[in-house]
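A short worksheet on the structure shown next.
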Amino acid sequence: MWAELRPLGRHPDSGGYRRYAWTGADADCRAWFQAQAEARGLTYELDRNGNQWAWLGDPGAGDAVVTGSHLDSVPDGGAFDGPLGVVSSFAALDELRHRGAEFSRPLAITNFGDEEGARFGLACVGSRLTSGALTREQAHELRDTEGVSLPQAMEAAGYDPHLIGPDPERLAGIGAFVELHVEQGRALDLSGDTVGIASAIWPHGRWRFDFHGEANHAGTTRLVDRRDPMLTYAQTVLAAREEARLAGALATFGKIAVEPNGVNAIPSLVRGWLDSRAADQDSLDAVVTGIEKAAREHAERDGVDLQIVRESFTPVIEFEHALRDEMNRILGGRVPVLGTGAGHDAGILSGSIPTAMLFVRNPTGVSHSPAEFAEEDDCLAGVLALADVLEGLACR
């Protein structure tokens with residue numbers, strides 16, 4: 001499975017993946033998922049929000065156990081973030097069938113669409129729509145950098161965007177969702193463990209900073225006469241690093257758009273996106289407030305206008321203790337429990353159904369990069385751990 005999935009959406013120059021929502025690469029990944037489902041005799045389904053499902057047993061029976069993750073990527077992302085969870089889910093089912101397991105509850109494997117938000121700027125679109133955290137009206141307003149709206153992209157991919165919206169009936173039929181994911185950090189590597197269980201997801205959000213200055217000639221405009229938004233942006237990036245350091249939190253400006261984007265032109269607009277995360281809400285609020293204050297002070301000094309828009313936000317998410325504890329019991333009670341600063345579909349769905357996560361060791365801690373990696377032995381240990389959990393939850 002890994003060999004078949006590996007080349008899909010991989011850029012030949014960077015070696016990273018560009019599996020953006022509702023593109024050709026996304027379609028290839030979806031076709032792969034459907035083929036895996038049908039090869040195992042599972043009932044394949046595409047729901048109203050474009051999420052894929054592969055069912056063993058009656059989907060309408062209720063109290064289903066669901067596993068899976070996502071197949072899309074960040075720009076030039078790694079091979080493991082998301083796909084490891086989907087591949088491992090199919091492999092865990094194969095393992096359970098090899099054991100002769102008898103299922104007492106329906107089992108489903110899912111691929112949630114547009115988890116990374118690389119194209120439209122909002123993470124976990126598929127699960128947000130399903131849970132009602134994102135309305136149809138809000139979704140229809142999403143646009144990519146080329147001005148293409150989400151409905152237009154969906155229609156171009158052959159899907160009806162008018163169908164999207166909350167799916168409470170589907171969620172009512174799910175008793176538990178367990179998502180396996182490569183760890184995006186080095187906690188397991190440092191502890192020497194191959195597999196861990198998630199305790200909580202840090203509160204996190206994305207903010208867009210629009211710095212408006214005055215376009216001018218780079219070769220003739222005196223420094224004192226400039227209203228250069230790039231200077232204000234640069235100072236804001238430095239302020240973000242300092243605020244995060246002081247609070248023991250995280251803050252990153254990882255995406256930028258510049259107009260007119262000429263080598264010999266002073267920009268008229270610099271637009272930067274802030275991603276910030278912290279272990280608790282108070283710390284996150286303090287970091288973002290400090291960054292905004294510094295940005296406004298520098299903007300005033302530089303003669304630059306500033307608008308700040310919060311594009312997405314997810315509060316702290318504690319995974320259900322009962323499911324988490326049951327998973328630990330199934331795995332022998334010796335699996336480390338750790339928090340994470342990364343958002344996931346399991347976190348979005350936790351407000352509607354019981355959810356939990358398994359992490360697989362990442363020896364370098366690198367993620368959202370072509371260098372992202374997990375050893376094969378650790379991946380297989382993750383499959384066996386997931387199989388044990390699914391057997392404990394869904395089998396007689």
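The chains in the structure tokens are called A, B, ... from first to last as shown; in each chain the residues are counted from 1, and the ligands are counted from 1 in the order shown.
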Please identify all polymer residues within 12 Å of Ala39 in chain A, counting only C-alpha atoms, omitting same-chain residues fewer than 4 positions from it, and present them as a PyMOL selection string. chain A and resi 1+32-35+43-44+54+90+94
Can those selected residues be exported to a file as a CSV table (one decimal), in the first residue's frame so that it contains N, CA and C atoms?
chain,number,residue,atom,x,y,z
A,1,MET,N,0.8,-1.2,0.0
A,1,MET,CA,0.0,0.0,0.0
A,1,MET,C,0.9,1.3,0.0
A,32,TRP,N,-7.2,5.9,-5.0
A,32,TRP,CA,-6.4,4.9,-4.2
A,32,TRP,C,-7.2,4.4,-3.1
A,33,PHE,N,-7.8,5.3,-2.3
A,33,PHE,CA,-8.6,4.9,-1.1
A,33,PHE,C,-9.8,4.0,-1.6
A,34,GLN,N,-10.5,4.4,-2.6
A,34,GLN,CA,-11.6,3.6,-3.1
A,34,GLN,C,-11.2,2.2,-3.5
A,35,ALA,N,-10.1,2.1,-4.2
A,35,ALA,CA,-9.6,0.8,-4.6
A,35,ALA,C,-9.2,-0.1,-3.5
A,43,THR,N,-17.8,-1.7,1.9
A,43,THR,CA,-18.8,-0.9,1.3
A,43,THR,C,-18.2,0.5,1.2
A,44,TYR,N,-18.0,1.0,0.0
A,44,TYR,CA,-17.4,2.3,-0.2
A,44,TYR,C,-18.5,3.4,-0.3
A,54,ALA,N,-15.1,3.6,4.2
A,54,ALA,CA,-15.1,2.2,3.8
A,54,ALA,C,-15.6,1.4,5.0
A,90,PHE,N,-6.1,0.3,7.1
A,90,PHE,CA,-6.4,-0.8,6.2
A,90,PHE,C,-5.5,-2.0,6.7
A,94,ASP,N,-6.6,-5.8,7.9
A,94,ASP,CA,-6.0,-7.0,7.4
A,94,ASP,C,-5.5,-7.9,8.5
Any idea what's packed within 10 Å of range 14-29 of chain A, counting only C-alpha atoms, ignoring anything in its chain fewer than 5 positions away? Could you give it as a PyMOL selection string? chain A and resi 4-9+34-35+50+70-79+83+111+113-120+125+150+152-159+368-372
Members of range 243-390 of chain A assigned strand (DSSP E) by DSSP, as a VMD selection string: chain A and resid 250 to 259 265 to 266 269 to 277 305 to 314 317 to 318 337 to 340 355 to 360
Okay, now the selection with C-alpha atoms, as a PDB file, in the first residue's frame?
ATOM      1  CA  LEU A 250       4.812  28.537  19.630  1.00  0.00           C
ATOM      2  CA  ALA A 251       4.327  31.254  17.015  1.00  0.00           C
ATOM      3  CA  THR A 252       5.191  31.004  13.333  1.00  0.00           C
ATOM      4  CA  PHE A 253       4.835  33.195  10.275  1.00  0.00           C
ATOM      5  CA  GLY A 254       5.131  30.521   7.584  1.00  0.00           C
ATOM      6  CA  LYS A 255       3.199  32.010   4.666  1.00  0.00           C
ATOM      7  CA  ILE A 256       3.549  35.398   3.003  1.00  0.00           C
ATOM      8  CA  ALA A 257       2.097  37.187  -0.031  1.00  0.00           C
ATOM      9  CA  VAL A 258       3.618  40.386  -1.416  1.00  0.00           C
ATOM     10  CA  GLU A 259       2.262  42.948  -3.895  1.00  0.00           C
ATOM     11  CA  ALA A 265       9.675  47.697  -6.102  1.00  0.00           C
ATOM     12  CA  ILE A 266       8.799  48.712  -2.574  1.00  0.00           C
ATOM     13  CA  LEU A 269       1.008  45.131   0.589  1.00  0.00           C
ATOM     14  CA  VAL A 270       2.593  42.412   2.654  1.00  0.00           C
ATOM     15  CA  ARG A 271       0.195  39.777   3.897  1.00  0.00           C
ATOM     16  CA  GLY A 272       1.491  37.288   6.447  1.00  0.00           C
ATOM     17  CA  TRP A 273      -0.203  34.406   8.213  1.00  0.00           C
ATOM     18  CA  LEU A 274       0.513  33.693  11.875  1.00  0.00           C
ATOM     19  CA  ASP A 275       0.109  30.220  13.354  1.00  0.00           C
ATOM     20  CA  SER A 276       0.240  30.208  17.146  1.00  0.00           C
ATOM     21  CA  ARG A 277      -0.222  27.432  19.719  1.00  0.00           C
ATOM     22  CA  ASP A 305      -1.845  50.562   7.861  1.00  0.00           C
ATOM     23  CA  LEU A 306      -2.581  47.222   9.525  1.00  0.00           C
ATOM     24  CA  GLN A 307      -5.578  44.912   9.562  1.00  0.00           C
ATOM     25  CA  ILE A 308      -5.618  41.662  11.554  1.00  0.00           C
ATOM     26  CA  VAL A 309      -8.149  38.904  10.876  1.00  0.00           C
ATOM     27  CA  ARG A 310      -8.496  35.692  12.888  1.00  0.00           C
ATOM     28  CA  GLU A 311      -9.140  33.083  10.193  1.00  0.00           C
ATOM     29  CA  SER A 312      -9.503  30.019  12.397  1.00  0.00           C
ATOM     30  CA  PHE A 313      -9.340  29.010  16.033  1.00  0.00           C
ATOM     31  CA  THR A 314      -9.602  25.764  17.987  1.00  0.00           C
ATOM     32  CA  ILE A 317      -9.300  19.730  23.321  1.00  0.00           C
ATOM     33  CA  GLU A 318      -9.166  17.043  25.987  1.00  0.00           C
ATOM     34  CA  VAL A 337       0.170   9.663  27.269  1.00  0.00           C
ATOM     35  CA  LEU A 338       1.254  12.968  25.728  1.00  0.00           C
ATOM     36  CA  GLY A 339      -0.178  16.239  24.506  1.00  0.00           C
ATOM     37  CA  THR A 340       0.320  17.760  21.079  1.00  0.00           C
ATOM     38  CA  THR A 355     -12.417  10.345  19.952  1.00  0.00           C
ATOM     39  CA  ALA A 356      -8.847   9.293  20.695  1.00  0.00           C
ATOM     40  CA  MET A 357      -5.452   9.217  19.006  1.00  0.00           C
ATOM     41  CA  LEU A 358      -2.452   6.934  18.728  1.00  0.00           C
ATOM     42  CA  PHE A 359       0.975   8.373  17.869  1.00  0.00           C
ATOM     43  CA  VAL A 360       3.812   6.524  16.126  1.00  0.00           C
TER      44      VAL A 360
END
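For the set A:Asp167, A:Asp47, A:Asp388, A:Asp228, the residue with the smallest atom-to-atom gap to Asn328 in chain A is A:Asp388, counting only C-alpha atoms.
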Please identify all polymer residues within 9 Å of range 230-232 of chain A, counting only C-alpha atoms, omitting same-chain residues fewer than 3 positions from it, and present them as number ranges by chain. A: 211, 213, 227, 235-237, 258, 266-270, 295-296, 298-299, 301-302, 304
How would you write, as a PyMOL selection string, the set of residues in range 83-269 of chain A that DSSP gives as alpha helix (DSSP H)? chain A and resi 83-99+125-131+136-140+150-156+168-172+187-191+229-247
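For the set A:Ile291, A:Cys379, A:Ala176, A:Ile353, the residue with the smallest atom-to-atom gap to Val86 in chain A is A:Cys379, counting only C-alpha atoms.
Using only C-alpha atoms, the shortest contact distance between Ala385 in chain A and any of A:Thr67, A:Arg186, A:Leu129, A:Ala92 is found at A:Ala92.
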Using only C-alpha atoms, find each residue of range 50-151 of chain A with at least one atom at most 10 Å away from an atom of range 177-185 of chain A; report its shortest atom-to-atom pair and that distance in Å (one decimal), sort the rows by chain and rising residue number, and return the result as JSON lines.
{"residue": "A:Ala64", "atom": "CA", "partner": "A:Phe177", "partner_atom": "CA", "distance": 8.5}
{"residue": "A:Val65", "atom": "CA", "partner": "A:Phe177", "partner_atom": "CA", "distance": 6.0}
{"residue": "A:Val66", "atom": "CA", "partner": "A:Phe177", "partner_atom": "CA", "distance": 4.7}
{"residue": "A:Thr67", "atom": "CA", "partner": "A:Val178", "partner_atom": "CA", "distance": 4.9}
{"residue": "A:Gly68", "atom": "CA", "partner": "A:Glu179", "partner_atom": "CA", "distance": 5.5}
{"residue": "A:Ser69", "atom": "CA", "partner": "A:Glu179", "partner_atom": "CA", "distance": 5.9}
{"residue": "A:His70", "atom": "CA", "partner": "A:Glu179", "partner_atom": "CA", "distance": 9.6}
{"residue": "A:Phe80", "atom": "CA", "partner": "A:Val182", "partner_atom": "CA", "distance": 6.4}
{"residue": "A:Asp81", "atom": "CA", "partner": "A:Val182", "partner_atom": "CA", "distance": 6.1}
{"residue": "A:Gly82", "atom": "CA", "partner": "A:His181", "partner_atom": "CA", "distance": 6.4}
{"residue": "A:Pro83", "atom": "CA", "partner": "A:His181", "partner_atom": "CA", "distance": 8.3}
{"residue": "A:Leu84", "atom": "CA", "partner": "A:His181", "partner_atom": "CA", "distance": 6.3}
{"residue": "A:Gly85", "atom": "CA", "partner": "A:Leu180", "partner_atom": "CA", "distance": 4.6}
{"residue": "A:Val86", "atom": "CA", "partner": "A:Leu180", "partner_atom": "CA", "distance": 8.0}
{"residue": "A:Val87", "atom": "CA", "partner": "A:Leu180", "partner_atom": "CA", "distance": 9.7}
{"residue": "A:Ser88", "atom": "CA", "partner": "A:Leu180", "partner_atom": "CA", "distance": 7.5}
{"residue": "A:Ser89", "atom": "CA", "partner": "A:Leu180", "partner_atom": "CA", "distance": 7.9}
{"residue": "A:Leu107", "atom": "CA", "partner": "A:Phe177", "partner_atom": "CA", "distance": 10.0}
{"residue": "A:Ala108", "atom": "CA", "partner": "A:Phe177", "partner_atom": "CA", "distance": 9.3}
{"residue": "A:Ile109", "atom": "CA", "partner": "A:Phe177", "partner_atom": "CA", "distance": 9.6}
{"residue": "A:Thr110", "atom": "CA", "partner": "A:Glu179", "partner_atom": "CA", "distance": 9.6}
Selected residues written out with N, CA and C atoms, as a PDB file, in the first residue's frame:
ATOM      1  N   ALA A  64     -20.829   2.428  15.766  1.00  0.00           N
ATOM      2  CA  ALA A  64     -19.699   1.984  14.957  1.00  0.00           C
ATOM      3  C   ALA A  64     -18.373   2.442  15.547  1.00  0.00           C
ATOM      4  N   VAL A  65     -17.345   1.663  15.276  1.00  0.00           N
ATOM      5  CA  VAL A  65     -15.975   2.040  15.600  1.00  0.00           C
ATOM      6  C   VAL A  65     -15.327   2.495  14.293  1.00  0.00           C
ATOM      7  N   VAL A  66     -14.798   3.720  14.270  1.00  0.00           N
ATOM      8  CA  VAL A  66     -14.236   4.310  13.058  1.00  0.00           C
ATOM      9  C   VAL A  66     -12.768   4.627  13.287  1.00  0.00           C
ATOM     10  N   THR A  67     -11.976   4.397  12.270  1.00  0.00           N
ATOM     11  CA  THR A  67     -10.565   4.776  12.303  1.00  0.00           C
ATOM     12  C   THR A  67     -10.201   5.383  10.960  1.00  0.00           C
ATOM     13  N   GLY A  68      -9.019   5.955  10.849  1.00  0.00           N
ATOM     14  CA  GLY A  68      -8.595   6.617   9.622  1.00  0.00           C
ATOM     15  C   GLY A  68      -7.947   7.951   9.912  1.00  0.00           C
ATOM     16  N   SER A  69      -7.722   8.727   8.863  1.00  0.00           N
ATOM     17  CA  SER A  69      -7.068  10.031   9.018  1.00  0.00           C
ATOM     18  C   SER A  69      -7.332  10.837   7.733  1.00  0.00           C
ATOM     19  N   HIS A  70      -6.275  11.344   7.090  1.00  0.00           N
ATOM     20  CA  HIS A  70      -6.439  12.148   5.880  1.00  0.00           C
ATOM     21  C   HIS A  70      -5.308  11.846   4.908  1.00  0.00           C
ATOM     22  N   PHE A  80       4.153  11.006   5.650  1.00  0.00           N
ATOM     23  CA  PHE A  80       3.549  10.266   6.754  1.00  0.00           C
ATOM     24  C   PHE A  80       2.372  10.985   7.415  1.00  0.00           C
ATOM     25  N   ASP A  81       2.392  12.303   7.415  1.00  0.00           N
ATOM     26  CA  ASP A  81       1.359  13.085   8.104  1.00  0.00           C
ATOM     27  C   ASP A  81       0.014  12.877   7.420  1.00  0.00           C
ATOM     28  N   GLY A  82      -0.835  12.080   8.024  1.00  0.00           N
ATOM     29  CA  GLY A  82      -2.140  11.753   7.466  1.00  0.00           C
ATOM     30  C   GLY A  82      -2.148  10.380   6.825  1.00  0.00           C
ATOM     31  N   PRO A  83      -1.400  10.178   5.719  1.00  0.00           N
ATOM     32  CA  PRO A  83      -1.446   8.881   5.051  1.00  0.00           C
ATOM     33  C   PRO A  83      -1.064   7.695   5.939  1.00  0.00           C
ATOM     34  N   LEU A  84      -0.146   7.900   6.900  1.00  0.00           N
ATOM     35  CA  LEU A  84       0.208   6.780   7.775  1.00  0.00           C
ATOM     36  C   LEU A  84      -1.028   6.251   8.500  1.00  0.00           C
ATOM     37  N   GLY A  85      -1.920   7.162   8.923  1.00  0.00           N
ATOM     38  CA  GLY A  85      -3.115   6.737   9.624  1.00  0.00           C
ATOM     39  C   GLY A  85      -4.076   5.966   8.740  1.00  0.00           C
ATOM     40  N   VAL A  86      -4.184   6.366   7.462  1.00  0.00           N
ATOM     41  CA  VAL A  86      -5.092   5.676   6.542  1.00  0.00           C
ATOM     42  C   VAL A  86      -4.529   4.312   6.159  1.00  0.00           C
ATOM     43  N   VAL A  87      -3.250   4.261   5.788  1.00  0.00           N
ATOM     44  CA  VAL A  87      -2.615   2.992   5.441  1.00  0.00           C
ATOM     45  C   VAL A  87      -2.662   2.028   6.627  1.00  0.00           C
ATOM     46  N   SER A  88      -2.365   2.537   7.815  1.00  0.00           N
ATOM     47  CA  SER A  88      -2.357   1.689   9.005  1.00  0.00           C
ATOM     48  C   SER A  88      -3.743   1.149   9.322  1.00  0.00           C
ATOM     49  N   SER A  89      -4.780   1.912   9.001  1.00  0.00           N
ATOM     50  CA  SER A  89      -6.146   1.453   9.257  1.00  0.00           C
ATOM     51  C   SER A  89      -6.487   0.247   8.388  1.00  0.00           C
ATOM     52  N   LEU A 107     -17.462  -1.461  11.617  1.00  0.00           N
ATOM     53  CA  LEU A 107     -16.150  -0.831  11.572  1.00  0.00           C
ATOM     54  C   LEU A 107     -16.042  -0.029  10.284  1.00  0.00           C
ATOM     55  N   ALA A 108     -15.496   1.162  10.376  1.00  0.00           N
ATOM     56  CA  ALA A 108     -15.303   1.981   9.183  1.00  0.00           C
ATOM     57  C   ALA A 108     -13.909   2.572   9.167  1.00  0.00           C
ATOM     58  N   ILE A 109     -13.370   2.733   7.968  1.00  0.00           N
ATOM     59  CA  ILE A 109     -12.114   3.443   7.742  1.00  0.00           C
ATOM     60  C   ILE A 109     -12.460   4.681   6.934  1.00  0.00           C
ATOM     61  N   THR A 110     -11.899   5.827   7.316  1.00  0.00           N
ATOM     62  CA  THR A 110     -12.275   7.077   6.656  1.00  0.00           C
ATOM     63  C   THR A 110     -11.064   7.888   6.222  1.00  0.00           C
TER      64      THR A 110
END
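Distances to Cys395 in chain A were evaluated for A:Val263, A:Val366, A:Val383, A:Ala101 using only C-alpha atoms, and the minimum falls at A:Ala101.
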